[in-house]
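Okay, target-v7.pdb is below, PDB, C-alpha atoms:
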MODEL        1
ATOM      1  CA  MET A  18      29.487   1.313   1.897
ATOM      2  CA  ASP A  19      27.882  -1.287  -0.359
ATOM      3  CA  GLN A  20      28.430  -0.195  -3.986
ATOM      4  CA  LEU A  21      24.829  -0.778  -5.052
ATOM      5  CA  LEU A  22      23.521   1.224  -2.098
ATOM      6  CA  LYS A  23      26.036   3.959  -2.875
ATOM      7  CA  LYS A  24      24.544   4.242  -6.362
ATOM      8  CA  VAL A  25      21.052   4.402  -4.846
ATOM      9  CA  TYR A  26      22.066   7.364  -2.683
ATOM     10  CA  SER A  27      23.596   9.088  -5.718
ATOM     11  CA  GLY A  28      20.229   9.015  -7.511
ATOM     12  CA  ASP A  29      20.743   6.013  -9.795
ATOM     13  CA  ILE A  30      17.202   4.832 -10.555
ATOM     14  CA  ARG A  31      18.338   1.492 -11.982
ATOM     15  CA  ALA A  32      20.298   0.785  -8.823
ATOM     16  CA  LEU A  33      17.238   1.724  -6.762
ATOM     17  CA  SER A  34      15.090  -0.743  -8.718
ATOM     18  CA  ARG A  35      17.684  -3.478  -8.274
ATOM     19  CA  PHE A  36      17.919  -2.882  -4.533
ATOM     20  CA  ILE A  37      14.141  -2.958  -4.174
ATOM     21  CA  THR A  38      14.166  -6.336  -5.932
ATOM     22  CA  GLU A  39      16.704  -7.520  -3.357
ATOM     23  CA  ILE A  40      14.467  -6.318  -0.538
ATOM     24  CA  GLU A  41      11.460  -8.105  -2.052
ATOM     25  CA  SER A  42      13.433 -11.333  -2.245
ATOM     26  CA  ARG A  43      14.727 -10.793   1.311
ATOM     27  CA  SER A  44      18.318 -11.198   0.142
ATOM     28  CA  ALA A  45      21.016 -11.526   2.778
ATOM     29  CA  ASN A  46      22.686  -8.367   1.467
ATOM     30  CA  SER A  47      19.550  -6.230   1.807
ATOM     31  CA  LEU A  48      18.829  -7.531   5.315
ATOM     32  CA  LYS A  49      22.416  -6.791   6.339
ATOM     33  CA  LEU A  50      22.172  -3.193   5.076
ATOM     34  CA  MET A  51      18.739  -2.327   6.513
ATOM     35  CA  PRO A  52      20.186  -0.935   9.790
ATOM     36  CA  GLU A  53      22.304   1.513   7.778
ATOM     37  CA  ILE A  54      19.348   2.444   5.577
ATOM     38  CA  TYR A  55      17.138   3.004   8.617
ATOM     39  CA  ASP A  56      19.670   5.463  10.058
ATOM     40  CA  ALA A  57      19.856   7.316   6.711
ATOM     41  CA  ARG A  58      16.157   8.250   6.602
ATOM     42  CA  LYS A  59      15.447  11.927   6.056
ATOM     43  CA  GLY A  60      11.823  12.184   7.185
ATOM     44  CA  ALA A  61       9.762  11.758   4.016
ATOM     45  CA  LEU A  62       6.025  12.379   4.240
ATOM     46  CA  CYS A  63       4.145   9.085   3.847
ATOM     47  CA  VAL A  64       0.581   9.057   2.540
ATOM     48  CA  GLY A  65      -1.622   5.994   2.076
ATOM     49  CA  VAL A  66      -4.351   5.936  -0.564
ATOM     50  CA  THR A  67      -6.837   3.094  -0.257
ATOM     51  CA  GLY A  68     -10.417   2.173  -1.114
ATOM     52  CA  PRO A  69     -12.424  -0.272  -3.224
ATOM     53  CA  PRO A  70     -11.465  -1.246  -6.784
ATOM     54  CA  GLY A  71     -12.537   1.197  -9.468
ATOM     55  CA  ALA A  72     -12.639   4.223  -7.185
ATOM     56  CA  GLY A  73      -9.956   6.012  -9.186
ATOM     57  CA  LYS A  74      -7.104   5.750  -6.677
ATOM     58  CA  SER A  75      -4.379   5.613  -9.336
ATOM     59  CA  THR A  76      -5.724   8.696 -11.089
ATOM     60  CA  ILE A  77      -5.796  10.613  -7.802
ATOM     61  CA  VAL A  78      -2.216   9.523  -7.054
ATOM     62  CA  ASP A  79      -1.202  10.617 -10.548
ATOM     63  CA  GLN A  80      -2.739  14.069 -10.061
ATOM     64  CA  LEU A  81      -1.264  14.476  -6.573
ATOM     65  CA  THR A  82       2.160  13.556  -7.947
ATOM     66  CA  SER A  83       1.896  16.288 -10.582
ATOM     67  CA  LEU A  84       1.063  18.934  -7.985
ATOM     68  CA  ILE A  85       3.838  17.810  -5.620
ATOM     69  CA  ARG A  86       6.347  17.890  -8.484
ATOM     70  CA  LYS A  87       5.288  21.434  -9.378
ATOM     71  CA  ALA A  88       6.336  22.349  -5.842
ATOM     72  CA  GLY A  89       9.791  20.950  -6.584
ATOM     73  CA  LYS A  90       9.506  17.872  -4.351
ATOM     74  CA  LYS A  91      10.489  14.325  -5.292
ATOM     75  CA  VAL A  92       7.785  11.650  -5.181
ATOM     76  CA  ALA A  93       7.976   7.866  -4.867
ATOM     77  CA  VAL A  94       4.854   5.784  -5.458
ATOM     78  CA  ILE A  95       4.494   2.234  -4.148
ATOM     79  CA  ALA A  96       1.513   0.552  -5.803
ATOM     80  CA  ILE A  97       0.452  -2.612  -3.984
ATOM     81  CA  ASP A  98      -1.186  -4.883  -6.555
ATOM     82  CA  PRO A  99      -2.796  -8.327  -6.367
ATOM     83  CA  SER A 100      -0.144 -11.026  -6.432
ATOM     84  CA  SER A 101      -0.044 -13.517  -9.248
ATOM     85  CA  PRO A 102      -1.042 -16.952  -7.915
ATOM     86  CA  PHE A 103       1.742 -18.442 -10.042
ATOM     87  CA  SER A 104       4.751 -16.135  -9.708
ATOM     88  CA  GLY A 105       3.847 -14.150  -6.595
ATOM     89  CA  GLY A 106       4.589 -10.962  -8.525
ATOM     90  CA  ALA A 107       2.323  -7.992  -9.109
ATOM     91  CA  VAL A 108      -0.452  -8.613 -11.637
ATOM     92  CA  LEU A 109      -0.628  -4.939 -12.575
ATOM     93  CA  GLY A 110       2.714  -3.415 -13.580
ATOM     94  CA  ASP A 111       4.114   0.034 -13.011
ATOM     95  CA  ARG A 112       4.524   0.463 -16.784
ATOM     96  CA  ILE A 113       0.769   0.922 -17.187
ATOM     97  CA  ARG A 114       0.561   3.482 -14.396
ATOM     98  CA  MET A 115       1.220   7.198 -14.542
ATOM     99  CA  GLN A 116       2.803   7.169 -17.996
ATOM    100  CA  ARG A 117       3.283  10.913 -18.162
ATOM    101  CA  HIS A 118       5.777  10.756 -15.285
ATOM    102  CA  ALA A 119       7.909   8.064 -16.926
ATOM    103  CA  THR A 120      10.660  10.475 -17.985
ATOM    104  CA  ASP A 121      10.632  12.550 -14.789
ATOM    105  CA  ALA A 122      13.714  11.782 -12.701
ATOM    106  CA  GLY A 123      11.914  13.217  -9.669
ATOM    107  CA  VAL A 124       9.234  10.518  -9.760
ATOM    108  CA  PHE A 125       9.780   6.841  -8.997
ATOM    109  CA  ILE A 126       6.972   4.298  -9.364
ATOM    110  CA  ARG A 127       7.107   0.677  -8.315
ATOM    111  CA  SER A 128       4.406  -1.994  -8.261
ATOM    112  CA  LEU A 129       4.629  -4.647  -5.578
ATOM    113  CA  GLY A 130       2.631  -7.815  -5.096
ATOM    114  CA  SER A 131       0.646  -8.102  -1.876
ATOM    115  CA  ARG A 132       1.994 -11.682  -1.676
ATOM    116  CA  GLY A 133      -0.989 -12.840   0.269
ATOM    117  CA  SER A 134      -0.605 -10.321   3.063
ATOM    118  CA  HIS A 135      -3.870 -10.214   5.028
ATOM    119  CA  GLY A 136      -3.593  -6.442   5.188
ATOM    120  CA  GLY A 137      -2.971  -5.994   1.471
ATOM    121  CA  LEU A 138       0.554  -4.699   2.051
ATOM    122  CA  SER A 139       3.639  -6.559   0.942
ATOM    123  CA  ARG A 140       5.816  -7.777   3.796
ATOM    124  CA  ALA A 141       8.705  -5.812   2.299
ATOM    125  CA  THR A 142       6.750  -2.567   1.856
ATOM    126  CA  ARG A 143       8.048  -1.046   5.091
ATOM    127  CA  ASP A 144      11.661  -1.740   4.166
ATOM    128  CA  ILE A 145      11.141  -0.315   0.679
ATOM    129  CA  ALA A 146       9.535   2.838   2.083
ATOM    130  CA  CYS A 147      12.523   3.151   4.405
ATOM    131  CA  LEU A 148      14.908   2.847   1.421
ATOM    132  CA  LEU A 149      12.985   5.455  -0.591
ATOM    133  CA  ASP A 150      13.144   7.831   2.367
ATOM    134  CA  ALA A 151      16.904   7.308   2.670
ATOM    135  CA  ALA A 152      17.270   7.785  -1.102
ATOM    136  CA  GLY A 153      15.995  11.346  -0.785
ATOM    137  CA  PHE A 154      12.355  11.250  -1.842
ATOM    138  CA  ASP A 155      10.298  13.936  -0.118
ATOM    139  CA  TRP A 156       6.930  12.186  -0.475
ATOM    140  CA  ILE A 157       6.107   8.474  -0.439
ATOM    141  CA  ILE A 158       2.609   7.559  -1.603
ATOM    142  CA  VAL A 159       1.426   4.004  -0.962
ATOM    143  CA  GLU A 160      -1.565   2.956  -3.054
ATOM    144  CA  THR A 161      -3.097  -0.305  -1.918
ATOM    145  CA  VAL A 162      -4.866  -2.986  -3.884
ATOM    146  CA  GLY A 163      -8.253  -1.849  -2.607
ATOM    147  CA  VAL A 164      -9.866  -4.986  -1.265
ATOM    148  CA  GLY A 165     -11.943  -3.416   1.482
ATOM    149  CA  GLN A 166     -11.428  -3.914   5.181
ATOM    150  CA  THR A 167      -8.199  -5.889   4.649
ATOM    151  CA  GLU A 168      -6.433  -2.573   4.003
ATOM    152  CA  LEU A 169      -6.363  -1.668   7.674
ATOM    153  CA  ASP A 170      -2.636  -2.093   8.172
ATOM    154  CA  ILE A 171      -1.908   0.798   5.817
ATOM    155  CA  MET A 172      -2.395   3.160   8.761
ATOM    156  CA  GLU A 173       0.564   1.509  10.467
ATOM    157  CA  LEU A 174       2.808   2.695   7.630
ATOM    158  CA  ALA A 175       1.275   5.969   6.423
ATOM    159  CA  THR A 176       1.069   9.145   8.475
ATOM    160  CA  THR A 177      -2.040  10.209   6.553
ATOM    161  CA  THR A 178      -4.568   7.724   5.185
ATOM    162  CA  VAL A 179      -6.868   8.797   2.359
ATOM    163  CA  VAL A 180      -9.897   6.570   1.736
ATOM    164  CA  VAL A 181     -11.264   6.973  -1.801
ATOM    165  CA  LEU A 182     -14.889   6.073  -2.571
ATOM    166  CA  VAL A 183     -17.345   6.678  -5.412
ATOM    167  CA  PRO A 184     -21.026   7.743  -5.370
ATOM    168  CA  GLU A 185     -22.203   4.238  -6.264
ATOM    169  CA  ALA A 186     -20.388   2.674  -3.300
ATOM    170  CA  GLY A 187     -23.170   3.434  -0.806
ATOM    171  CA  ASP A 188     -24.662  -0.059  -0.653
ATOM    172  CA  MET A 189     -21.220  -1.614  -0.472
ATOM    173  CA  ILE A 190     -20.147   0.637   2.404
ATOM    174  CA  GLN A 191     -23.282  -0.286   4.353
ATOM    175  CA  THR A 192     -22.131  -3.906   4.344
ATOM    176  CA  MET A 193     -18.474  -3.075   4.975
ATOM    177  CA  LYS A 194     -16.894  -3.685   8.327
ATOM    178  CA  ALA A 195     -16.348  -0.438  10.202
ATOM    179  CA  GLY A 196     -12.577  -0.775   9.933
ATOM    180  CA  LEU A 197     -11.999   0.827   6.545
ATOM    181  CA  THR A 198     -14.016   3.912   7.370
ATOM    182  CA  GLU A 199     -12.461   4.159  10.833
ATOM    183  CA  ILE A 200      -8.897   4.449   9.510
ATOM    184  CA  ALA A 201      -9.657   7.425   7.247
ATOM    185  CA  ASP A 202      -7.882  10.666   8.034
ATOM    186  CA  ILE A 203      -9.459  12.081   4.874
ATOM    187  CA  PHE A 204     -12.426  10.787   2.866
ATOM    188  CA  VAL A 205     -12.592  11.395  -0.867
ATOM    189  CA  VAL A 206     -15.708  10.921  -2.950
ATOM    190  CA  ASN A 207     -14.207  10.665  -6.428
ATOM    191  CA  LYS A 208     -16.039  10.884  -9.747
ATOM    192  CA  ALA A 209     -18.106  13.631  -8.143
ATOM    193  CA  ASP A 210     -19.765  14.490 -11.468
ATOM    194  CA  ARG A 211     -21.878  11.366 -11.083
ATOM    195  CA  SER A 212     -25.313  11.255  -9.525
ATOM    196  CA  GLY A 213     -25.311  10.633  -5.789
ATOM    197  CA  ALA A 214     -21.938  12.238  -5.005
ATOM    198  CA  ASP A 215     -23.406  14.892  -2.705
ATOM    199  CA  GLN A 216     -25.548  12.327  -0.900
ATOM    200  CA  MET A 217     -22.503  10.100  -0.373
ATOM    201  CA  ALA A 218     -20.535  13.050   1.001
ATOM    202  CA  GLN A 219     -23.372  13.912   3.371
ATOM    203  CA  TRP A 220     -23.613  10.296   4.564
ATOM    204  CA  LEU A 221     -19.861  10.164   5.241
ATOM    205  CA  THR A 222     -19.931  13.513   7.038
ATOM    206  CA  ALA A 223     -22.750  12.282   9.262
ATOM    207  CA  SER A 224     -20.838   9.057   9.951
ATOM    208  CA  VAL A 225     -17.768  11.042  10.959
ATOM    209  CA  GLU A 226     -19.811  13.225  13.295
ATOM    210  CA  LEU A 227     -21.460  10.209  14.927
ATOM    211  CA  GLY A 228     -18.260   8.233  15.261
ATOM    212  CA  THR A 229     -15.440   8.633  17.743
ATOM    213  CA  ARG A 230     -12.889  10.829  16.035
ATOM    214  CA  ARG A 231      -9.368  11.699  17.014
ATOM    215  CA  ALA A 232      -9.210  14.682  19.304
ATOM    216  CA  GLY A 233      -8.398  17.830  17.411
ATOM    217  CA  TRP A 234      -8.901  16.444  13.907
ATOM    218  CA  GLN A 235     -12.291  16.318  12.204
ATOM    219  CA  THR A 236     -12.014  13.978   9.225
ATOM    220  CA  PRO A 237     -12.872  16.027   6.123
ATOM    221  CA  VAL A 238     -14.935  14.692   3.224
ATOM    222  CA  MET A 239     -13.613  15.883  -0.134
ATOM    223  CA  LEU A 240     -15.262  15.801  -3.555
ATOM    224  CA  THR A 241     -12.967  15.194  -6.541
ATOM    225  CA  ASN A 242     -13.151  14.434 -10.226
ATOM    226  CA  ALA A 243      -9.642  13.114 -10.698
ATOM    227  CA  PRO A 244      -9.507  12.760 -14.526
ATOM    228  CA  ILE A 245      -9.835  16.538 -14.901
ATOM    229  CA  GLY A 246      -7.989  17.394 -11.687
ATOM    230  CA  ALA A 247     -11.020  18.887  -9.929
ATOM    231  CA  GLY A 248     -10.591  19.033  -6.149
ATOM    232  CA  ILE A 249      -7.039  17.623  -6.183
ATOM    233  CA  SER A 250      -5.385  20.853  -5.067
ATOM    234  CA  GLU A 251      -7.797  21.061  -2.130
ATOM    235  CA  LEU A 252      -7.078  17.427  -1.288
ATOM    236  CA  LEU A 253      -3.330  18.060  -1.226
ATOM    237  CA  THR A 254      -3.899  21.009   1.113
ATOM    238  CA  LYS A 255      -5.900  18.789   3.491
ATOM    239  CA  ILE A 256      -3.163  16.152   3.404
ATOM    240  CA  MET A 257      -0.554  18.753   4.324
ATOM    241  CA  ASN A 258      -2.841  20.114   7.057
ATOM    242  CA  HIS A 259      -3.106  16.628   8.535
ATOM    243  CA  GLN A 260       0.656  16.117   8.343
ATOM    244  CA  ASP A 261       1.103  19.344  10.309
ATOM    245  CA  PHE A 262      -1.533  18.258  12.816
ATOM    246  CA  VAL A 263      -0.016  14.854  13.608
ATOM    247  CA  SER A 264       3.461  16.310  14.069
ATOM    248  CA  SER A 265       2.343  17.679  17.440
ATOM    249  CA  ASP A 266      -0.640  15.459  18.282
ATOM    250  CA  GLU A 267      -0.034  13.521  21.513
ATOM    251  CA  ASN A 268      -2.359  10.683  20.489
ATOM    252  CA  HIS A 269      -0.503  10.255  17.203
ATOM    253  CA  LEU A 270       2.868  10.262  18.946
ATOM    254  CA  LYS A 271       1.576   7.588  21.338
ATOM    255  CA  ARG A 272       0.280   5.568  18.379
ATOM    256  CA  GLN A 273       3.690   5.848  16.702
ATOM    257  CA  LYS A 274       5.344   4.341  19.774
ATOM    258  CA  GLU A 275       2.858   1.474  19.781
ATOM    259  CA  MET A 276       3.437   0.866  16.067
ATOM    260  CA  ARG A 277       7.217   0.888  16.494
ATOM    261  CA  ALA A 278       6.850  -1.700  19.268
ATOM    262  CA  ALA A 279       4.602  -3.879  17.083
ATOM    263  CA  GLU A 280       6.971  -3.531  14.123
ATOM    264  CA  PHE A 281       9.958  -4.507  16.260
ATOM    265  CA  LEU A 282       8.187  -7.593  17.605
ATOM    266  CA  GLU A 283       7.231  -8.571  14.058
ATOM    267  CA  MET A 284      10.890  -8.252  13.036
ATOM    268  CA  CYS A 285      11.839 -10.457  15.980
ATOM    269  CA  ARG A 286       9.240 -13.058  14.967
ATOM    270  CA  GLU A 287      10.563 -13.068  11.419
ATOM    271  CA  ALA A 288      14.180 -13.395  12.569
ATOM    272  CA  LEU A 289      13.302 -16.205  14.986
ATOM    273  CA  GLY A 290      11.334 -17.975  12.264
ATOM    274  CA  GLN A 291      14.299 -17.758   9.901
ATOM    275  CA  LYS A 292      16.612 -19.023  12.624
ATOM    276  CA  LEU A 293      14.297 -21.957  13.292
ATOM    277  CA  PHE A 294      14.116 -22.735   9.567
ATOM    278  CA  GLU A 295      17.911 -22.736   9.264
ATOM    279  CA  LYS A 296      18.412 -24.789  12.403
ATOM    280  CA  ALA A 297      15.808 -27.324  11.324
ATOM    281  CA  GLY A 298      18.033 -28.164   8.386
ATOM    282  CA  THR A 299      21.143 -28.758  10.501
ATOM    283  CA  SER A 300      19.880 -29.953  13.890
ATOM    284  CA  LYS A 301      19.198 -33.676  14.074
ATOM    285  CA  SER A 302      17.129 -33.185  17.215
ATOM    286  CA  ILE A 303      14.779 -30.678  15.542
ATOM    287  CA  SER A 304      14.623 -32.737  12.348
ATOM    288  CA  LYS A 305      13.585 -35.739  14.404
ATOM    289  CA  VAL A 306      10.698 -33.811  16.013
ATOM    290  CA  VAL A 307       9.610 -32.435  12.622
ATOM    291  CA  THR A 308       9.655 -35.925  11.122
ATOM    292  CA  GLN A 309       7.533 -37.276  13.965
ATOM    293  CA  VAL A 310       4.953 -34.500  13.430
ATOM    294  CA  VAL A 311       4.925 -35.038   9.648
ATOM    295  CA  GLU A 312       4.387 -38.783  10.077
ATOM    296  CA  GLY A 313       1.594 -38.213  12.573
ATOM    297  CA  LYS A 314       3.513 -39.789  15.430
ATOM    298  CA  GLU A 315       3.738 -36.593  17.489
ATOM    299  CA  ASN A 316       1.142 -34.090  18.623
ATOM    300  CA  PRO A 317       2.234 -30.733  17.049
ATOM    301  CA  TYR A 318       1.088 -28.822  20.127
ATOM    302  CA  ARG A 319       3.383 -30.938  22.306
ATOM    303  CA  ALA A 320       6.153 -30.733  19.715
ATOM    304  CA  VAL A 321       6.433 -26.937  19.830
ATOM    305  CA  PRO A 322       7.711 -26.760  23.452
ATOM    306  CA  LYS A 323      10.182 -29.536  22.635
ATOM    307  CA  VAL A 324      11.637 -27.522  19.747
ATOM    308  CA  LEU A 325      11.801 -24.326  21.808
ATOM    309  CA  LYS A 326      13.814 -26.131  24.480
ATOM    310  CA  LEU A 327      16.475 -26.928  21.841
ATOM    311  CA  PHE A 328      17.321 -23.229  21.390
TER     312      PHE A 328
ENDMDL
END
Whole structure, structure tokens version:
Amino acid sequence: MDQLLKKVYSGDIRALSRFITEIESRSANSLKLMPEIYDARKGALCVGVTGPPGAGKSTIVDQLTSLIRKAGKKVAVIAIDPSSPFSGGAVLGDRIRMQRHATDAGVFIRSLGSRGSHGGLSRATRDIACLLDAAGFDWIIVETVGVGQTELDIMELATTTVVVLVPEAGDMIQTMKAGLTEIADIFVVNKADRSGADQMAQWLTASVELGTRRAGWQTPVMLTNAPIGAGISELLTKIMNHQDFVSSDENHLKRQKEMRAAEFLEMCREALGQKLFEKAGTSKSISKVVTQVVEGKENPYRAVPKVLKLF
């Protein structure tokens, strides 16, 4: 076994951080070891927390982490932050998040840059979640950057998706595409001490009742005040209820199969793209076609079939 990965499995947090960096950079070593890591997964519960900026997602994640730790379970938090336009790295760092858990060996927090992903999730997020599962974490919480409807692909990673909103978000939600509200397994109206919280909850409840919901699961609308921990215990209970529900839900199992198929095809596309990139640097025939396209001497649409024939 790779020595760095061996240290990860033994609980070495520094080794875990180093290996995550390798996954982010798509190193040859990490790609080579992903099949082994995939087989070593233990079945961690994966929860996505998303919603608009300023809704208090990080505070909710912090409070959930505390409750999960009290139950003796290990928690890993992946915080997807806006990518720096210069370095590609996360603008917000994990050092400014969840400070009270910094010395807890049972909590691991990592900020990742979205790196321009249209869905707000880093391309490497799936592989990192897989590694954290294999490393023995019981819960994996993915908190996304919160840019609205672009968060939709979180439901392809998380078993339970929590959408966090605030009382003042009513006008914004009215103009939102339906996608963000449609992915919610649980709605949370945070900062419930503010005026309009009950009205927001009622509006969301009515929307759920009018919409087409998954058979057997009625999306709950929770009220929380995360800074003081109000409603967090109830939220955790609902999350666990949903995890139990999906474990035997036929529609969810069907959706999992579809997502695995989509993920596999995406992996194939990435591998083929890398192969093409490598071959373009060594194949004179491909280089010639690329040069013709670059110089405007070849129609790129006609060039694609020519390149494919060279494989």
Pick the closest to Ala201 (chain A) from A:Ala218, A:Val310, A:Val180, A:Ala122: which is it, counting all atoms listed in the file?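 Residue with the minimum atom-to-atom distance to Ala201 (chain A): A:Val180.
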Any chance you could resolve the PyMOL selection byres ((chain A and resi 153) around 9) against this file and give the residues as a VMD selection string? chain A and resid 26 28 58 to 59 61 91 148 to 152 154 to 155
Extract, using all atoms listed in the file, all DNA, RNA and protein residues at most 6 Å from region 206-214 of chain A, discarding same-chain residues fewer than 3 positions from it, and format them as number ranges by chain. A: 182-184, 217, 240-242
Using only C-alpha atoms, please write the residues we just selected to a file, as a PDB file, in the coordinates of the input.
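This is the output file again16.pdb:
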ATOM      1  CA  LEU A 182     -14.889   6.073  -2.571  1.00  0.00           C
ATOM      2  CA  VAL A 183     -17.345   6.678  -5.412  1.00  0.00           C
ATOM      3  CA  PRO A 184     -21.026   7.743  -5.370  1.00  0.00           C
ATOM      4  CA  MET A 217     -22.503  10.100  -0.373  1.00  0.00           C
ATOM      5  CA  LEU A 240     -15.262  15.801  -3.555  1.00  0.00           C
ATOM      6  CA  THR A 241     -12.967  15.194  -6.541  1.00  0.00           C
ATOM      7  CA  ASN A 242     -13.151  14.434 -10.226  1.00  0.00           C
TER       8      ASN A 242
END
Output check: residues returned by the PyMOL selection byres ((chain A and resi 277-293) around 12), as a count of residues only: 34
I need the residue set behind the PyMOL selection byres ((chain A and resi 243) around 8) for this file; please write it as an MDAnalysis selection string. chainID A and resid 73 76:77 80 207:208 241:242 244:249
Close residues, Ile126 (chain A) itself excluded, 8 Å, only C-alpha atoms, min 5 positions apart in chain, as a PDB file with C-alpha atoms, in the frame of the given file:
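Dumped everything to part26.pdb:
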ATOM      1  CA  ALA A  93       7.976   7.866  -4.867  1.00  0.00           C
ATOM      2  CA  VAL A  94       4.854   5.784  -5.458  1.00  0.00           C
ATOM      3  CA  ILE A  95       4.494   2.234  -4.148  1.00  0.00           C
ATOM      4  CA  ALA A  96       1.513   0.552  -5.803  1.00  0.00           C
ATOM      5  CA  ASP A 111       4.114   0.034 -13.011  1.00  0.00           C
TER       6      ASP A 111
END
Can you tell me which residues surround Ser34 (chain A) at a distance of at most 10 Å, considering all atoms listed in the file, apart from same-chain residues fewer than 4 positions away, and format the answer as a JSON list (two decimals) with C-alpha atoms, in the coordinates of the input?
[["chain", "number", "residue", "atom", "x", "y", "z"],
["A", 25, "VAL", "CA", 21.05, 4.40, -4.85],
["A", 29, "ASP", "CA", 20.74, 6.01, -9.80],
["A", 30, "ILE", "CA", 17.20, 4.83, -10.56],
["A", 38, "THR", "CA", 14.17, -6.34, -5.93],
["A", 39, "GLU", "CA", 16.70, -7.52, -3.36],
["A", 40, "ILE", "CA", 14.47, -6.32, -0.54],
["A", 125, "PHE", "CA", 9.78, 6.84, -9.00],
["A", 126, "ILE", "CA", 6.97, 4.30, -9.36],
["A", 127, "ARG", "CA", 7.11, 0.68, -8.32]]
For each of A:Ser83, A:Ser75, A:Thr176, A:Ser265, take the minimum atom-to-atom distance to Ile203 (chain A), counting all atoms listed in the file, then give the residue where this is smallest. A:Thr176
What is the CA of Leu84 (chain A) to CA of Phe204 (chain A) distance in Å?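 Here the two named atoms are 19.1 Å from each other.
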Tell me, as a VMD selection string, which residues lie within 6 Å of Val205 (chain A), counting all atoms listed in the file; anything in the same chain fewer than 3 positions away does not count. chain A and resid 181 238 to 240
Go through A:Ile85, A:Ala223, A:Ile256, A:Ile54 one by one, measure the shortest atom-to-atom distance of each to Thr178 (chain A) using only C-alpha atoms, and give the residue with the smallest value. A:Ile256
Counting all atoms listed in the file, the option among A:Ile157, A:Ile200, A:Val124, A:Leu62 closest to Met257 (chain A):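 With all atoms listed in the file as the atom set, the closest residue is A:Leu62.
If all atoms listed in the file are the atoms counted, then among A:Leu252, A:Ala57, A:Ala320, A:Leu50 the closest residue to Val306 (chain A) is A:Ala320.
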CA of Trp234 (chain A) to CA of Thr222 (chain A): how many Å, to one decimal?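 Atom-to-atom, CA of Trp234 (chain A) and CA of Thr222 (chain A) are spaced 13.3 Å apart.
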